[in-house]
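Encoded as structure tokens, the structure appears first; notes follow it.
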Amino acid sequence: MSYTLNVVAVSGSLHAPSKTTVLVREIVAALEREMAIDAREMSSDVHLIELSVVGREFSGALNRSELSAAAEAELRLIENADLLIVASPVYRASFTGLFKHVFDFVDQYALIDKPVLLAATGGSDRHALILEHQFRPLFSFFQALTLPLGVYAKDSEFTNYQVTDEALRDRIAQAIARGLPLVRASLPADVFADSTAIVW
């Protein structure tokens, strides 16, 4: 039985080009490489939400009923994902305000037990704890399953908006390797009922 993993990635950057969006794409690419090891059992369908592109659909609304149809569609994708990948640049010691504003509209119970891979970018290592001090509490509120390892990337690990640091690539690979078994365990029990050999 083959299953298509519904992956939704959210980049909270307000700019394009964006190191945060580049990091998200690198994580998605690494995920797809790992899953390609046994594509007969699992494939992925990835939707990337870039707030630099769609952010204005959310910015003027005070409650969900005021959102445009386009914004509502993005929220439903977030709520129905099998796996969320969320990232933001560090902005004044936290994620961007628009990133938080978007998740303020997400249904309080829609992310229960949903695997979430956390990622962030910042100017230096001094901001790396954003993953633990900002992201994990937010998704703990939603009762989501934040994966064990997040990915933090600093400016010096990029060149011309490309990941050029092998240590960062290694951290991405490790985060995925540690997280995929939990993603698989979160799926409906019958998804792999007929499988005899799946190794992630």
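Residues are named by chain letter and number: chains run A, B, ... in the order of the structure tokens, numbers start at 1 in each chain, and ligands are numbered from 1 in the order shown.
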
Who sits within 8 Å of Val10 in chain A, only C-alpha atoms, same chain under 2 positions skipped, as a list in words: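 Residues meeting the cut-off are Val8, Gly12, Val24, Leu48, Ile49, Glu50, Leu51, Leu84, Ile85, Val86 and Ala87 of chain A.
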
Expected file contents, prior selection, C-alpha atoms, as a tab-separated table (two decimals), in the first residue's frame:
chain	number	residue	atom	x	y	z
A	8	VAL	CA	2.61	21.77	4.37
A	12	GLY	CA	7.20	33.27	8.03
A	24	VAL	CA	12.40	25.42	4.21
A	48	LEU	CA	4.69	25.78	0.50
A	49	ILE	CA	3.05	28.83	2.07
A	50	GLU	CA	5.24	31.92	1.77
A	51	LEU	CA	3.96	34.80	3.87
A	84	LEU	CA	3.95	20.69	9.14
A	85	ILE	CA	7.30	22.34	8.54
A	86	VAL	CA	7.27	25.81	10.07
A	87	ALA	CA	10.00	28.43	9.92

Would you pick out the contacts of Gln134 in chain A at 12 Å or less, using only C-alpha atoms, so that residues sharing its chain but fewer than 6 positions from it are not included, and give the list as a ChimeraX atom specification? /A:87-96,99-100,118-120,127-128,140-141

Produce a file of the selected residues containing N, CA and C atoms, as a JSON list (two decimals), in the first residue's frame.
[["chain", "number", "residue", "atom", "x", "y", "z"],
["A", 87, "ALA", "N", 8.75, 27.69, 9.78],
["A", 87, "ALA", "CA", 10.00, 28.43, 9.92],
["A", 87, "ALA", "C", 9.74, 29.93, 9.93],
["A", 88, "SER", "N", 10.62, 30.63, 10.62],
["A", 88, "SER", "CA", 10.55, 32.09, 10.63],
["A", 88, "SER", "C", 11.94, 32.64, 10.85],
["A", 89, "PRO", "N", 12.22, 33.80, 10.29],
["A", 89, "PRO", "CA", 13.43, 34.50, 10.72],
["A", 89, "PRO", "C", 13.22, 35.03, 12.14],
["A", 90, "VAL", "N", 14.30, 35.17, 12.88],
["A", 90, "VAL", "CA", 14.21, 35.80, 14.19],
["A", 90, "VAL", "C", 13.96, 37.30, 13.98],
["A", 91, "TYR", "N", 12.89, 37.79, 14.56],
["A", 91, "TYR", "CA", 12.55, 39.20, 14.41],
["A", 91, "TYR", "C", 12.21, 39.75, 15.78],
["A", 92, "ARG", "N", 13.07, 40.60, 16.31],
["A", 92, "ARG", "CA", 12.88, 41.18, 17.63],
["A", 92, "ARG", "C", 12.64, 40.10, 18.68],
["A", 93, "ALA", "N", 13.51, 39.11, 18.67],
["A", 93, "ALA", "CA", 13.58, 38.04, 19.67],
["A", 93, "ALA", "C", 12.48, 37.00, 19.54],
["A", 94, "SER", "N", 11.76, 37.00, 18.44],
["A", 94, "SER", "CA", 10.70, 36.00, 18.27],
["A", 94, "SER", "C", 10.50, 35.74, 16.78],
["A", 95, "PHE", "N", 9.45, 34.94, 16.47],
["A", 95, "PHE", "CA", 9.06, 34.79, 15.07],
["A", 95, "PHE", "C", 8.36, 36.07, 14.62],
["A", 96, "THR", "N", 8.17, 36.21, 13.33],
["A", 96, "THR", "CA", 7.54, 37.42, 12.83],
["A", 96, "THR", "C", 6.10, 37.53, 13.34],
["A", 99, "PHE", "N", 3.61, 35.70, 11.13],
["A", 99, "PHE", "CA", 3.59, 34.25, 11.35],
["A", 99, "PHE", "C", 2.65, 33.91, 12.50],
["A", 100, "LYS", "N", 2.79, 34.62, 13.61],
["A", 100, "LYS", "CA", 1.91, 34.38, 14.77],
["A", 100, "LYS", "C", 0.47, 34.70, 14.42],
["A", 118, "LEU", "N", 10.30, 22.17, 13.38],
["A", 118, "LEU", "CA", 10.55, 23.57, 13.66],
["A", 118, "LEU", "C", 11.85, 24.02, 13.02],
["A", 119, "ALA", "N", 11.84, 25.24, 12.47],
["A", 119, "ALA", "CA", 13.06, 25.78, 11.86],
["A", 119, "ALA", "C", 13.06, 27.30, 11.99],
["A", 120, "ALA", "N", 14.26, 27.86, 11.99],
["A", 120, "ALA", "CA", 14.39, 29.31, 12.10],
["A", 120, "ALA", "C", 15.73, 29.74, 11.52],
["A", 127, "HIS", "N", 20.75, 33.47, 18.57],
["A", 127, "HIS", "CA", 19.29, 33.40, 18.44],
["A", 127, "HIS", "C", 18.75, 31.97, 18.36],
["A", 128, "ALA", "N", 19.62, 30.98, 18.49],
["A", 128, "ALA", "CA", 19.21, 29.61, 18.21],
["A", 128, "ALA", "C", 18.12, 29.10, 19.15],
["A", 140, "SER", "N", 2.99, 23.65, 21.50],
["A", 140, "SER", "CA", 2.51, 22.92, 22.66],
["A", 140, "SER", "C", 1.08, 23.34, 23.00],
["A", 141, "PHE", "N", 0.78, 24.63, 22.84],
["A", 141, "PHE", "CA", -0.59, 25.09, 23.04],
["A", 141, "PHE", "C", -1.56, 24.32, 22.15]]

Nearby residues (only C-alpha atoms) at most 8 Å from Leu83 in chain A, same-chain spacing under 4 positions excluded, as an NGL selection string: :A and (5-8 or 114-117 or 183)

Selection from above, N, CA and C atoms, as a PDB file, in the first residue's frame, can you write it?
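And here's selection33.pdb as it stands now:
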ATOM      1  N   LEU A   5       2.132  11.381   1.696  1.00  0.00           N
ATOM      2  CA  LEU A   5       2.240  12.216   2.883  1.00  0.00           C
ATOM      3  C   LEU A   5       1.941  13.662   2.506  1.00  0.00           C
ATOM      4  N   ASN A   6       0.961  14.237   3.159  1.00  0.00           N
ATOM      5  CA  ASN A   6       0.541  15.609   2.889  1.00  0.00           C
ATOM      6  C   ASN A   6       1.392  16.555   3.740  1.00  0.00           C
ATOM      7  N   VAL A   7       2.355  17.208   3.102  1.00  0.00           N
ATOM      8  CA  VAL A   7       3.299  18.082   3.801  1.00  0.00           C
ATOM      9  C   VAL A   7       2.964  19.535   3.490  1.00  0.00           C
ATOM     10  N   VAL A   8       2.816  20.327   4.543  1.00  0.00           N
ATOM     11  CA  VAL A   8       2.606  21.766   4.375  1.00  0.00           C
ATOM     12  C   VAL A   8       3.742  22.490   5.078  1.00  0.00           C
ATOM     13  N   LYS A 114      -0.329  16.427  15.614  1.00  0.00           N
ATOM     14  CA  LYS A 114       0.238  16.596  14.281  1.00  0.00           C
ATOM     15  C   LYS A 114       1.740  16.827  14.392  1.00  0.00           C
ATOM     16  N   PRO A 115       2.560  16.082  13.661  1.00  0.00           N
ATOM     17  CA  PRO A 115       4.007  16.308  13.691  1.00  0.00           C
ATOM     18  C   PRO A 115       4.363  17.668  13.091  1.00  0.00           C
ATOM     19  N   VAL A 116       5.246  18.382  13.791  1.00  0.00           N
ATOM     20  CA  VAL A 116       5.676  19.705  13.348  1.00  0.00           C
ATOM     21  C   VAL A 116       7.199  19.773  13.446  1.00  0.00           C
ATOM     22  N   LEU A 117       7.841  20.047  12.323  1.00  0.00           N
ATOM     23  CA  LEU A 117       9.285  20.253  12.311  1.00  0.00           C
ATOM     24  C   LEU A 117       9.548  21.749  12.388  1.00  0.00           C
ATOM     25  N   VAL A 183       6.636  10.725  12.532  1.00  0.00           N
ATOM     26  CA  VAL A 183       5.650  11.075  11.505  1.00  0.00           C
ATOM     27  C   VAL A 183       4.889   9.824  11.086  1.00  0.00           C
TER      28      VAL A 183
END

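Considering only C-alpha atoms, the residue among A:Leu77, A:Ile27, A:Pro181, A:Ala69 positioned nearest to Leu168 in chain A is A:Ile27.
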
Residues near Val106 in chain A, cut-off 8 Å, only C-alpha atoms, skip fewer than 3 positions along chain, as a PyMOL selection string: chain A and resi 75+78-79+102-103+110

May I ask for the distance between CA of Ala185 in chain A and CA of Asp82 in chain A, given in Å to one decimal place? 11.0 Å

Compare A:Val22, A:Ala16, A:Leu31, A:Ile112 by their minimum atom-to-atom distance to Ile172 in chain A, counting only C-alpha atoms, and give me the closest one.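 Between A:Val22, A:Ala16, A:Leu31, A:Ile112, the residue approaching Ile172 in chain A most closely is A:Leu31.
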
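Between CA of Arg171 in chain A and CA of Leu187 in chain A the separation is 24.6 Å.
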
Picked from range 66-99 of chain A by DSSP as alpha helix (DSSP H), as a list in words: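 DSSP on the backbone gives alpha helix (DSSP H) at Ala69, Ala70, Ala71, Glu72, Ala73, Glu74, Leu75, Arg76, Leu77, Ile78, Glu79, Gly97, Leu98 and Phe99 of chain A.
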
Neighbouring residues of Asp155 in chain A were defined as those with any atom within 10 Å, considering only C-alpha atoms; residues of the same chain fewer than 5 positions away were excluded. Please report them as a PyMOL selection string. chain A and resi 19-20+121-125+161+163

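Take CA of Arg126 in chain A and CA of Glu166 in chain A: the distance between them is 20.0 Å.
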
Quick one: of A:Ala173, A:Asp113, A:Gly150, A:Leu129, who's nearest to Arg33 in chain A, counting only C-alpha atoms? A:Ala173

Sel. of strand (DSSP E) residues, range 39-180 of chain A, as a PyMOL selection string: chain A and resi 42-50+83-89+115-122+145-146+151-154

Can you write out the residues you just picked, keeping C-alpha atoms, as a tab-separated table (two decimals), in the first residue's frame?
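Output below, filename result-v8.tsv:
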chain	number	residue	atom	x	y	z
A	42	MET	CA	5.56	6.52	0.71
A	43	SER	CA	5.56	9.63	-1.43
A	44	SER	CA	4.92	13.26	-0.57
A	45	ASP	CA	2.71	16.08	-1.75
A	46	VAL	CA	4.24	19.39	-0.61
A	47	HIS	CA	2.54	22.77	-0.40
A	48	LEU	CA	4.69	25.78	0.50
A	49	ILE	CA	3.05	28.83	2.07
A	50	GLU	CA	5.24	31.92	1.77
A	83	LEU	CA	3.33	16.99	8.56
A	84	LEU	CA	3.95	20.69	9.14
A	85	ILE	CA	7.30	22.34	8.54
A	86	VAL	CA	7.27	25.81	10.07
A	87	ALA	CA	10.00	28.43	9.92
A	88	SER	CA	10.55	32.09	10.63
A	89	PRO	CA	13.43	34.50	10.72
A	115	PRO	CA	4.01	16.31	13.69
A	116	VAL	CA	5.68	19.71	13.35
A	117	LEU	CA	9.29	20.25	12.31
A	118	LEU	CA	10.55	23.57	13.66
A	119	ALA	CA	13.06	25.78	11.86
A	120	ALA	CA	14.39	29.31	12.10
A	121	THR	CA	17.04	31.62	10.70
A	122	GLY	CA	19.00	34.36	12.41
A	145	LEU	CA	3.84	16.81	18.24
A	146	THR	CA	6.95	18.93	17.81
A	151	VAL	CA	16.83	23.28	12.51
A	152	TYR	CA	18.38	26.67	13.19
A	153	ALA	CA	20.50	28.31	10.49
A	154	LYS	CA	22.62	31.45	10.76

Do you know which residues are at most 12 Å from Ala30 in chain A counting only C-alpha atoms, after dropping those on the same chain fewer than 4 positions away, and could you put them as a VMD selection string? chain A and resid 23 to 26 34 to 37 44 168 to 177 180
